[in-house]
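Undergrad: Sharing upload_11.csv, CSV, C-alpha atoms:
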chain,number,residue,atom,x,y,z
A,1,MET,CA,-16.0,-42.5,-12.6
A,2,THR,CA,-12.9,-40.5,-13.6
A,3,ARG,CA,-11.2,-41.0,-17.0
A,4,VAL,CA,-7.4,-40.9,-16.5
A,5,ILE,CA,-5.3,-40.4,-19.6
A,6,PHE,CA,-1.7,-41.4,-19.4
A,7,ILE,CA,0.6,-39.9,-22.0
A,8,GLU,CA,3.5,-42.3,-22.4
A,9,ARG,CA,7.1,-41.4,-22.8
A,10,ASP,CA,6.8,-42.0,-26.5
A,11,GLY,CA,3.7,-39.8,-26.8
A,12,ALA,CA,1.2,-42.7,-27.1
A,13,THR,CA,-1.8,-42.4,-24.8
A,14,ARG,CA,-3.5,-44.9,-22.6
A,15,GLU,CA,-7.0,-44.3,-21.0
A,16,VAL,CA,-8.0,-46.0,-17.7
A,17,GLU,CA,-11.3,-45.7,-15.8
A,18,ALA,CA,-10.9,-44.9,-12.1
A,19,ARG,CA,-13.3,-44.8,-9.1
A,20,PRO,CA,-13.4,-42.0,-6.5
A,21,GLY,CA,-10.9,-42.7,-3.8
A,22,ASP,CA,-8.5,-44.5,-6.1
A,23,ARG,CA,-4.8,-43.3,-5.8
A,24,LEU,CA,-3.2,-42.3,-9.0
A,25,LEU,CA,0.0,-44.3,-8.2
A,26,ASP,CA,-1.9,-47.6,-7.7
A,27,LEU,CA,-4.0,-47.0,-10.9
A,28,ALA,CA,-0.8,-46.3,-12.9
A,29,GLN,CA,1.0,-49.3,-11.6
A,30,ASN,CA,-2.0,-51.6,-12.3
A,31,ALA,CA,-2.1,-50.1,-15.8
A,32,GLY,CA,1.5,-51.0,-16.4
A,33,GLU,CA,2.9,-47.5,-16.2
A,34,PRO,CA,6.6,-47.3,-15.3
A,35,LEU,CA,6.1,-45.5,-11.9
A,36,GLU,CA,8.1,-47.2,-9.2
A,37,GLY,CA,6.8,-45.7,-6.0
A,38,THR,CA,9.8,-47.0,-4.1
A,39,CYS,CA,8.6,-45.5,-0.7
A,40,GLU,CA,5.0,-46.8,-1.2
A,41,GLY,CA,3.4,-43.4,-0.9
A,42,GLN,CA,5.3,-42.2,2.2
A,43,MET,CA,6.7,-39.1,0.3
A,44,ALA,CA,10.3,-40.3,0.9
A,45,CYS,CA,11.2,-40.4,-2.8
A,46,SER,CA,10.1,-39.0,-6.2
A,47,THR,CA,9.9,-42.2,-8.2
A,48,CYS,CA,6.2,-41.7,-8.9
A,49,HIS,CA,6.7,-38.2,-10.4
A,50,VAL,CA,4.1,-37.3,-13.1
A,51,ILE,CA,3.4,-34.1,-15.0
A,52,VAL,CA,-0.2,-33.1,-14.8
A,53,ASP,CA,-1.9,-31.5,-17.8
A,54,ALA,CA,-2.0,-27.7,-17.2
A,55,GLN,CA,-5.8,-27.6,-17.4
A,56,ASP,CA,-6.2,-30.4,-14.9
A,57,PHE,CA,-3.5,-29.1,-12.4
A,58,ALA,CA,-5.8,-26.5,-10.8
A,59,LYS,CA,-8.5,-29.1,-10.3
A,60,LEU,CA,-6.3,-31.0,-7.8
A,61,PRO,CA,-5.7,-30.0,-4.1
A,62,PRO,CA,-2.4,-28.2,-3.8
A,63,ALA,CA,0.7,-30.1,-2.9
A,64,VAL,CA,1.8,-30.0,0.7
A,65,GLU,CA,5.3,-28.8,1.6
A,66,GLU,CA,6.7,-32.3,2.0
A,67,GLU,CA,5.6,-33.2,-1.6
A,68,GLU,CA,7.1,-29.9,-2.9
A,69,ASP,CA,10.4,-30.9,-1.2
A,70,MET,CA,10.4,-34.3,-2.9
A,71,LEU,CA,9.5,-32.7,-6.3
A,72,ASP,CA,12.6,-30.6,-6.0
A,73,LEU,CA,14.6,-33.8,-6.3
A,74,ALA,CA,12.6,-35.2,-9.3
A,75,ALA,CA,14.4,-35.3,-12.6
A,76,GLY,CA,12.6,-33.1,-15.2
A,77,ALA,CA,10.2,-31.5,-12.7
A,78,THR,CA,8.0,-28.7,-14.0
A,79,ARG,CA,5.5,-26.3,-12.4
A,80,TYR,CA,2.8,-29.0,-13.1
A,81,SER,CA,4.7,-31.8,-11.5
A,82,ARG,CA,3.1,-33.9,-8.7
A,83,LEU,CA,3.7,-37.2,-7.0
A,84,ALA,CA,1.2,-39.8,-8.1
A,85,CYS,CA,1.1,-41.2,-4.6
A,86,GLN,CA,-0.4,-38.0,-3.4
A,87,ILE,CA,-3.2,-37.7,-6.0
A,88,TRP,CA,-6.5,-39.3,-4.8
A,89,LEU,CA,-9.2,-39.2,-7.4
A,90,SER,CA,-12.5,-37.6,-6.4
A,91,GLU,CA,-16.0,-37.9,-7.7
A,92,THR,CA,-15.8,-34.3,-8.9
A,93,LEU,CA,-12.9,-35.0,-11.2
A,94,GLU,CA,-14.2,-36.2,-14.5
A,95,THR,CA,-10.9,-36.4,-16.4
A,96,LEU,CA,-7.2,-36.3,-15.5
A,97,THR,CA,-4.4,-36.3,-18.0
A,98,VAL,CA,-0.9,-37.0,-16.8
A,99,ARG,CA,2.4,-37.3,-18.7
A,100,ILE,CA,4.9,-39.9,-17.7
A,101,PRO,CA,8.3,-38.1,-17.6
A,102,PRO,CA,10.8,-39.3,-20.2
A,103,ASP,CA,13.3,-40.6,-17.6
A,104,SER,CA,10.7,-42.6,-15.6
A,105,LYS,CA,11.9,-46.2,-14.9
A,106,ASN,CA,10.4,-48.9,-12.7
A,107,MET,CA,13.5,-50.7,-11.3
A,108,GLN,CA,11.2,-53.1,-9.5
A,109,GLY,CA,9.9,-54.4,-12.8
A,110,ARG,CA,6.2,-54.3,-12.0
What is this structure when it is put down as structure tokens?
TA:
Amino acid sequence: MTRVIFIERDGATREVEARPGDRLLDLAQNAGEPLEGTCEGQMACSTCHVIVDAQDFAKLPPAVEEEEDMLDLAAGATRYSRLACQIWLSETLETLTVRIPPDSKNMQGR
């Protein structure tokens, strides 16, 4: 199991248990996080942009070029930004901390 810690826009934290093979976007949406994921994981938008904790960032596989291109369009992107649709949790990942960017909105109202 992986312990995922979401840092909300207001600084509050929410902890969720995840299984290997879970996708971060699905986990976040099921936990009520405001990540829209308009393109449903096809890397055609940046509405699932998250900022990964610096210590956890290196534990993830590197972003592919298409993801980097979409992150260039994300508001408030940092060097630790990733698309939640491209993060699949593995059995070797014990914890993952991600910050929800301050301008995240789920216009679909999930």
Undergrad: Of the residues A:Leu25, A:Val16, A:Leu60, A:Val4, which is the one nearest to Glu40 in chain A, using only C-alpha atoms?
TA: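 Among A:Leu25, A:Val16, A:Leu60, A:Val4, it is A:Leu25 that comes nearest to Glu40 in chain A.
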Undergrad: Write out as number ranges by chain which residues come within 12 Å of Ala28 in chain A when counting all atoms listed in the file, dropping same-chain ones fewer than 5 positions away.
TA: A: 4-8, 14-18, 22-23, 33-37, 48-50, 83-85, 87, 97-100, 106, 110
Undergrad: Hey, can you check how far CA of Tyr80 in chain A sits from CA of Pro20 in chain A?
TA: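 Separation between CA of Tyr80 in chain A and CA of Pro20 in chain A: 21.8 Å.
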Undergrad: Choose the residue, out of A:Thr78, A:Gln86, A:Ser46, A:Thr13, that has the smallest atom-to-atom separation from Val64 in chain A; count only C-alpha atoms.
TA: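 Ranking A:Thr78, A:Gln86, A:Ser46, A:Thr13 by distance to Val64 in chain A, first place goes to A:Gln86.
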Undergrad: Show me as a PDB file with C-alpha atoms, in the frame of the given file the residues that reach within 9 Å of (11.1, -37.6, -18.3), counting all atoms listed in the file and using the file's own coordinates.
TA:
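Wrote it out as selection31.pdb, contents follow:
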ATOM      1  CA  ARG A   9       7.100 -41.400 -22.800  1.00  0.00           C
ATOM      2  CA  VAL A  50       4.100 -37.300 -13.100  1.00  0.00           C
ATOM      3  CA  ALA A  75      14.400 -35.300 -12.600  1.00  0.00           C
ATOM      4  CA  GLY A  76      12.600 -33.100 -15.200  1.00  0.00           C
ATOM      5  CA  ALA A  77      10.200 -31.500 -12.700  1.00  0.00           C
ATOM      6  CA  ARG A  99       2.400 -37.300 -18.700  1.00  0.00           C
ATOM      7  CA  ILE A 100       4.900 -39.900 -17.700  1.00  0.00           C
ATOM      8  CA  PRO A 101       8.300 -38.100 -17.600  1.00  0.00           C
ATOM      9  CA  PRO A 102      10.800 -39.300 -20.200  1.00  0.00           C
ATOM     10  CA  ASP A 103      13.300 -40.600 -17.600  1.00  0.00           C
ATOM     11  CA  SER A 104      10.700 -42.600 -15.600  1.00  0.00           C
TER      12      SER A 104
END
Undergrad: Would you kindly return, as a list in words, each protein, DNA or RNA residue with an atom no farther than 8 Å from any atom of Met43 in chain A, considering all atoms listed in the file and excluding same-chain residues fewer than 2 positions away?
TA: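 Close residues of Met43 in chain A: Cys39, Gly41, Cys45, Ser46, Glu66, Glu67, Met70 and Cys85 of chain A.
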Undergrad: Please, which residues are within 6 Å of (-0.5, -32.7, -11.2) by the file's coordinates, counting only C-alpha atoms, and could they come as a PyMOL selection string?
TA: chain A and resi 51-52+57+80-82
Undergrad: Return the single residue from A:Asp56, A:Asp10, A:Glu91, A:Asp69 that is closest to Ala44 in chain A, with distances computed using all atoms listed in the file.
TA: A:Asp69
Undergrad: Considering only C-alpha atoms, state which residue in the set A:Arg79, A:Gly32, A:Asp26, A:Leu96 is at the smallest distance from Pro62 in chain A.
TA: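 Counting only C-alpha atoms, the residue closest to Pro62 in chain A is A:Arg79.
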Undergrad: Using Å and a single decimal, report how far CA of Thr92 in chain A sits from CA of Gly21 in chain A.
TA: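 The value is 11.0 Å.
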Undergrad: Could I see range 27-45 of chain A restored to N, CA and C atoms, set down as a compact mmCIF listing (two decimals), in the frame of the given file?
TA:
# COMPACT_ATOMS: atom_id res chain seq x y z
N LEU A 27 -3.32 -46.86 -9.56
CA LEU A 27 -4.00 -47.00 -10.90
C LEU A 27 -2.91 -47.07 -11.97
N ALA A 28 -1.87 -46.24 -11.89
CA ALA A 28 -0.80 -46.30 -12.90
C ALA A 28 -0.07 -47.58 -12.89
N GLN A 29 0.30 -48.06 -11.71
CA GLN A 29 1.00 -49.30 -11.60
C GLN A 29 0.17 -50.49 -12.15
N ASN A 30 -1.12 -50.50 -11.82
CA ASN A 30 -2.00 -51.60 -12.30
C ASN A 30 -2.19 -51.50 -13.81
N ALA A 31 -2.01 -50.31 -14.39
CA ALA A 31 -2.10 -50.10 -15.80
C ALA A 31 -0.80 -50.39 -16.56
N GLY A 32 0.24 -50.73 -15.78
CA GLY A 32 1.50 -51.00 -16.40
C GLY A 32 2.41 -49.83 -16.66
N GLU A 33 2.09 -48.69 -16.05
CA GLU A 33 2.90 -47.50 -16.20
C GLU A 33 4.21 -47.65 -15.43
N PRO A 34 5.32 -47.07 -15.92
CA PRO A 34 6.60 -47.30 -15.30
C PRO A 34 6.87 -46.33 -14.07
N LEU A 35 5.94 -46.32 -13.14
CA LEU A 35 6.10 -45.50 -11.90
C LEU A 35 6.44 -46.47 -10.79
N GLU A 36 7.62 -46.30 -10.23
CA GLU A 36 8.10 -47.20 -9.20
C GLU A 36 7.43 -47.08 -7.87
N GLY A 37 7.38 -45.87 -7.36
CA GLY A 37 6.80 -45.70 -6.00
C GLY A 37 7.55 -46.41 -4.96
N THR A 38 8.86 -46.26 -4.96
CA THR A 38 9.80 -47.00 -4.10
C THR A 38 9.33 -46.89 -2.59
N CYS A 39 8.90 -45.71 -2.16
CA CYS A 39 8.60 -45.50 -0.70
C CYS A 39 7.13 -45.89 -0.42
N GLU A 40 6.41 -46.41 -1.40
CA GLU A 40 5.00 -46.80 -1.20
C GLU A 40 4.11 -45.74 -0.70
N GLY A 41 4.33 -44.54 -1.21
CA GLY A 41 3.40 -43.40 -0.90
C GLY A 41 3.76 -42.67 0.37
N GLN A 42 4.94 -42.84 0.92
CA GLN A 42 5.30 -42.20 2.20
C GLN A 42 5.99 -40.81 1.96
N MET A 43 6.06 -40.35 0.72
CA MET A 43 6.70 -39.10 0.30
C MET A 43 8.18 -39.07 0.76
N ALA A 44 8.86 -40.19 0.57
CA ALA A 44 10.30 -40.30 0.90
C ALA A 44 11.12 -40.43 -0.39
N CYS A 45 10.48 -40.32 -1.54
CA CYS A 45 11.20 -40.40 -2.80
C CYS A 45 10.39 -39.66 -3.88
